[in-house]
Amino acid sequence: MPEIRLPDGTVRSFAQPLTGLELAREIGPGLAKAALALRVNGELRDLSTVLDQDAAVAIITNRDPEGLEIIRHSTAHLLAQAVKELFPDVQVTIGPVIENGFYYDFASSKPFTPEDLERISAKMRELIAADLPVRREVWSREEAIARFAAMGEEYKVQIIADIPVDQPITVYHQGDFVDLCRGPHVPRTGVLGAFALRNVAGAYWRGDSRNAMLQRIYGTAWAEQKDLDAYLQQLAEAERRDHRRIGSELELFSIQDEAGGGLVFWHPQGAKIRRVIEDFWRDAHVSGGYDLLFTPHIAHEQLWYTSGHKDFYAESMFEAMEDEGQPYQLKPMNCPFHILVYRSKLRSYRDLPIRWAELGTVYRHEMSGALHGLMRVRGFTQDDAHIFCRPDQIEAEIAGVLALTQKILGTFGFDRYEINLSTRPVQFVGSEEVWQHATSALSAALERAGLAYQIDEGGGAFYGPKIDLKIEDAIGRKWQCSTIQLDFNLPERFGMEYVAEDGSRQRPIMIHRAILGSLERFFGVLIEHYEGKFPFWLAPTQIVVAPISEQQADYAAQVAARLEMMGIRVETDLRSEKIGYKIRAHTLRRVPFMAIVGDREKGGGTVSLRDRDGRELGSFTQDHLGSALQELNRNRQPALQLALEGG
RNA sequence: GCCGUUGUAGCUCAGUCGGUAGAGCAACUGAUUCGUAAUCAGUAGGUCAGAGGUUCGAUUCCCCUCAACGGCACCA
């Protein structure tokens, strides 16, 4: 007779086997109503599971994360049921849970239209209102194959064939709909409801571009309507931050049809920000022990055969161009060029480590469908650097790179990271000993820096282990920008050497690293992170001086000239508009400060200051304002804090 | 590259059941000289993404190309 241990530690004995639902009823009617599924000895099961043995059982409700997953999974099933009822010829395939929702892939001769989505959605609501019971059954393999084949569900037959022989084949019924599924599912369709179908997209069967393209319907589902509303709100927030929208509103950059996709034009306002970023980056590198390089944009095609890029990445490189019978290749990477500089003379162990950094512009032929604003482009500038060192210097060099990375990213307002250490894959170059030594040097450096990281076993490139770092933006999204990669391959291919202490020729270790990644992409991330409201030190226009009327135009120009001399990026707004109009215009442009000057200010040699968040900061003398703004430029703080006293 | 959607003024969009287009904002001109998120009036601005086809006539219908958008695949 089953003894059931509940999560709070209590044990209940029952004279007969009972279902999970009956157990929930025993505990309380409220719980029975909220119950979605069970966890039996750690495994998720349907609520209808018969408990006939002693077990530890937890009742899962929509408050549990697992409950939410089940809701999403069951909503995907409901979607499939609705589609089958409306479009009987469509075949169902798979319908997994994903972050924030689910999708279901259908094999259909005709793609779904947005109107179809509305019909499907309405049908789903009907099925919820019908409150159909969801029943689980176990079928034999032969029976399952025969019955799904009879239903014309060829994809399901394929899926069954791939289920390991020792696993039972389960199906779920709801109404007339039967679907192959591992489960568990909610007990009745009536418990579903807080969902929205989002969009239709093509997706390859089993994620392979050689396979047929299926029609995927994406949806989102939540425990309660308010969670759904909050999620839709969050999507709207991301939409507001879209760097493509803000980029054109603030005249930061453009991508133009006449020039081609994925090629970025930095407009004056964007270019000002880029210059600030680059200046800061260069200063940080020089003081971090790097030397700066400039290298060409093209080189003999042969160089790219030597490096191996022509063999491995030919399809993502622009075609070679010919000049005087010689083929030249636009560069997709900077590293071979840095190697050429290294090889320009004989290097000694005393020269190492060598650290060379370059803001190197590279071109890659990304597939047209991959292009996306600034995030995925065909021409971009990497904040690239290469470190050439001895094996015993790896750990210290990695530690140095990590410190510089934290300093630079932190200055831009990113101090939450997710770090991955990727180790040796199946296919690799170099010896196992070198890999072992290098990998432990990477983890030692991470630990020394006190940085938490995850290990991606076998996730390294064939040429060396790597550390990838993702930053988290203001709304919790993660972006991979920084990467630190060891390379045992290129030094070999280029025959790089240094003369060791004993006079022997040794091969240096090469470290590729980027902190911002691509300036274009990083700029896109910055725009979205700050929603265009850049910190003072980055803002393209830092302050606008606006007179109340023409009477103070000369004074406004004089204030602006003073600030400009102090290194502040200042504009005047001398248009014959009312002050409210100017304030609105520059607030919408996210200019950090406005200095308003009327007769009062002109008389006293001051300005009246307000910030873009609508705070009125009071009266400032020109000198006080100038030095406060200079301080903001120096400290690079994200907040618009000003030393206000004495204003 | 693949599937789908979309492409009208600088921007956001309306419109034409086939008879070559309109609004708001922005721009420009004039008036206004104003105290913390939109002063008023006027002017100009479009090969309706590009090329082809059907038609007496295409921005509208069909085909192709290009681009953007949402995914998939790809991302050294």
# chains A, B, ... in the order shown; residues from 1 in each chain; ligands from 1

$ select_by_dssp --residues "stretch 262-503 of chain A" --states "strand (DSSP E or B)" --output "MDAnalysis selection string"
chainID A and resid 264:266 291:292 298:300 321:323 326:330 348 354:363 372 376 379:389 417:422 454:456 461 464 466:472 478:487 498:499

$ residues_around --residues "A:Leu330" --least-positions-apart "2" --cutoff "7 Å" --atoms "only C-alpha atoms (C1' of nucleotides)" --output "ChimeraX atom specification"
/A:297-299,318,320,328,332,363

$ interface_residues --of "chain A" --to "chain B" --cutoff "9 Å" --atoms "only C-alpha atoms (C1' of nucleotides)" --output "ChimeraX atom specification"
/A:111-113,199-204,207-209,213-216,249,257,260-261,309,312-313,332-333,366-370,376,461,548-551,576-585,587-588,596-598,610,614,616

$ select_by_dssp --residues "stretch 125-317 of chain A" --states "helix (DSSP H, G or I)" --output "VMD selection string"
chain A and resid 125 to 129 141 to 150 154 to 161 189 to 191 205 to 207 225 to 241 243 to 249 268 to 287 301 to 307 309 to 312 314 to 316

$ closest_atom_pairs --of "stretch 349-385 of chain A" --to "stretch 513-517 of chain A" --cutoff "7 Å" --atoms "only C-alpha atoms" --output "CSV"
residue,atom,partner,partner_atom,distance
A:Gln382,CA,A:Gly517,CA,5.6
A:Asp383,CA,A:Ala514,CA,5.5
A:Asp384,CA,A:Ala514,CA,4.9
A:Ala385,CA,A:Arg513,CA,5.5

$ decode --residues "stretch 44-186 of chain A" --atoms "C-alpha atoms" --output "tab-separated table (two decimals), in the first residue's frame"
chain	number	residue	atom	x	y	z
A	44	LEU	CA	7.79	14.56	-14.25
A	45	ARG	CA	4.57	12.58	-14.82
A	46	ASP	CA	0.99	13.21	-15.79
A	47	LEU	CA	-1.50	14.00	-13.08
A	48	SER	CA	-3.35	10.82	-14.06
A	49	THR	CA	-0.37	8.65	-13.11
A	50	VAL	CA	-1.44	5.85	-10.78
A	51	LEU	CA	0.62	5.84	-7.59
A	52	ASP	CA	0.78	2.21	-6.51
A	53	GLN	CA	4.14	2.17	-4.76
A	54	ASP	CA	5.92	4.18	-2.12
A	55	ALA	CA	7.20	7.37	-3.69
A	56	ALA	CA	8.22	10.94	-3.13
A	57	VAL	CA	5.62	13.00	-4.93
A	58	ALA	CA	5.28	16.70	-5.58
A	59	ILE	CA	2.22	18.25	-7.18
A	60	ILE	CA	3.23	20.63	-9.97
A	61	THR	CA	1.12	23.76	-10.47
A	62	ASN	CA	1.52	26.74	-12.74
A	63	ARG	CA	3.63	28.38	-10.06
A	64	ASP	CA	6.43	25.89	-10.64
A	65	PRO	CA	8.85	26.48	-13.50
A	66	GLU	CA	8.10	22.92	-14.66
A	67	GLY	CA	4.41	23.78	-14.62
A	68	LEU	CA	5.01	26.66	-16.97
A	69	GLU	CA	6.96	24.39	-19.31
A	70	ILE	CA	4.13	21.91	-19.34
A	71	ILE	CA	1.65	24.67	-20.10
A	72	ARG	CA	3.78	25.73	-23.05
A	73	HIS	CA	4.20	22.20	-24.27
A	74	SER	CA	0.48	21.53	-24.00
A	75	THR	CA	-0.30	24.81	-25.75
A	76	ALA	CA	1.90	23.64	-28.62
A	77	HIS	CA	-0.21	20.49	-28.77
A	78	LEU	CA	-3.35	22.53	-28.73
A	79	LEU	CA	-1.95	24.51	-31.67
A	80	ALA	CA	-1.34	21.25	-33.55
A	81	GLN	CA	-4.87	20.08	-32.79
A	82	ALA	CA	-6.35	23.33	-34.06
A	83	VAL	CA	-4.25	23.18	-37.23
A	84	LYS	CA	-5.28	19.58	-37.90
A	85	GLU	CA	-8.93	20.48	-37.50
A	86	LEU	CA	-8.71	23.44	-39.85
A	87	PHE	CA	-6.21	21.94	-42.31
A	88	PRO	CA	-6.59	18.12	-42.28
A	89	ASP	CA	-3.96	17.64	-45.01
A	90	VAL	CA	-1.20	19.21	-42.97
A	91	GLN	CA	1.24	16.83	-41.29
A	92	VAL	CA	2.43	17.49	-37.76
A	93	THR	CA	6.11	17.10	-36.85
A	94	ILE	CA	7.56	18.44	-33.62
A	95	GLY	CA	6.46	21.10	-31.18
A	96	PRO	CA	8.96	21.85	-28.43
A	97	VAL	CA	9.06	24.41	-25.65
A	98	ILE	CA	11.49	27.27	-26.15
A	99	GLU	CA	12.41	30.32	-24.10
A	100	ASN	CA	9.20	32.28	-23.39
A	101	GLY	CA	7.02	29.97	-25.45
A	102	PHE	CA	6.90	27.21	-27.98
A	103	TYR	CA	6.70	26.46	-31.66
A	104	TYR	CA	5.25	23.70	-33.78
A	105	ASP	CA	6.54	22.68	-37.20
A	106	PHE	CA	4.04	21.56	-39.82
A	107	ALA	CA	4.55	20.01	-43.23
A	108	SER	CA	2.12	21.87	-45.42
A	109	SER	CA	1.85	22.36	-49.16
A	110	LYS	CA	0.60	25.89	-48.55
A	111	PRO	CA	2.22	28.29	-46.07
A	112	PHE	CA	0.06	29.75	-43.33
A	113	THR	CA	-1.01	33.36	-43.76
A	114	PRO	CA	-1.45	35.86	-40.93
A	115	GLU	CA	-5.21	35.39	-41.39
A	116	ASP	CA	-4.75	31.65	-40.92
A	117	LEU	CA	-3.04	32.40	-37.60
A	118	GLU	CA	-6.11	34.27	-36.43
A	119	ARG	CA	-8.37	31.39	-37.42
A	120	ILE	CA	-6.05	28.91	-35.70
A	121	SER	CA	-5.96	31.04	-32.60
A	122	ALA	CA	-9.77	31.23	-32.51
A	123	LYS	CA	-9.98	27.46	-32.93
A	124	MET	CA	-7.58	27.00	-30.03
A	125	ARG	CA	-9.81	29.13	-27.83
A	126	GLU	CA	-12.76	26.94	-28.83
A	127	LEU	CA	-10.85	23.84	-27.81
A	128	ILE	CA	-9.95	25.43	-24.49
A	129	ALA	CA	-13.60	26.30	-23.87
A	130	ALA	CA	-14.52	22.66	-24.63
A	131	ASP	CA	-12.21	21.67	-21.74
A	132	LEU	CA	-11.21	18.39	-23.39
A	133	PRO	CA	-9.57	15.79	-21.17
A	134	VAL	CA	-5.99	14.94	-22.19
A	135	ARG	CA	-5.33	11.21	-22.05
A	136	ARG	CA	-2.04	9.35	-22.21
A	137	GLU	CA	-1.64	5.92	-23.81
A	138	VAL	CA	1.28	3.60	-24.39
A	139	TRP	CA	1.45	1.99	-27.82
A	140	SER	CA	3.70	-0.73	-29.08
A	141	ARG	CA	6.26	0.31	-31.64
A	142	GLU	CA	4.53	-1.64	-34.44
A	143	GLU	CA	1.13	-0.29	-33.52
A	144	ALA	CA	2.45	3.28	-33.38
A	145	ILE	CA	4.15	3.02	-36.74
A	146	ALA	CA	1.09	1.43	-38.35
A	147	ARG	CA	-1.38	3.91	-36.92
A	148	PHE	CA	0.65	7.06	-37.67
A	149	ALA	CA	1.37	5.72	-41.15
A	150	ALA	CA	-2.38	5.16	-41.61
A	151	MET	CA	-2.98	8.76	-40.55
A	152	GLY	CA	-0.53	9.91	-43.20
A	153	GLU	CA	1.84	11.29	-40.57
A	154	GLU	CA	5.14	10.34	-42.24
A	155	TYR	CA	7.22	12.60	-40.06
A	156	LYS	CA	5.87	11.00	-36.89
A	157	VAL	CA	6.76	7.58	-38.31
A	158	GLN	CA	10.32	8.81	-38.80
A	159	ILE	CA	10.42	10.12	-35.25
A	160	ILE	CA	9.19	6.79	-33.86
A	161	ALA	CA	11.92	4.99	-35.75
A	162	ASP	CA	14.45	7.11	-33.86
A	163	ILE	CA	13.07	6.44	-30.39
A	164	PRO	CA	15.42	4.05	-28.54
A	165	VAL	CA	13.98	0.52	-28.29
A	166	ASP	CA	13.98	0.52	-24.50
A	167	GLN	CA	11.74	3.58	-24.31
A	168	PRO	CA	7.95	3.28	-24.30
A	169	ILE	CA	6.05	4.99	-27.08
A	170	THR	CA	3.40	7.25	-25.65
A	171	VAL	CA	0.65	9.16	-27.34
A	172	TYR	CA	-1.74	11.78	-26.06
A	173	HIS	CA	-5.40	12.12	-27.02
A	174	GLN	CA	-7.47	15.22	-26.73
A	175	GLY	CA	-10.78	15.11	-28.57
A	176	ASP	CA	-10.16	13.49	-31.94
A	177	PHE	CA	-6.53	14.54	-31.97
A	178	VAL	CA	-3.73	12.06	-31.29
A	179	ASP	CA	-0.10	13.08	-31.05
A	180	LEU	CA	3.05	11.18	-30.41
A	181	CYS	CA	4.66	12.71	-27.36
A	182	ARG	CA	6.78	11.92	-24.35
A	183	GLY	CA	4.66	14.20	-22.16
A	184	PRO	CA	3.71	15.01	-19.56
A	185	HIS	CA	0.77	17.21	-20.40
A	186	VAL	CA	-1.86	19.19	-18.56
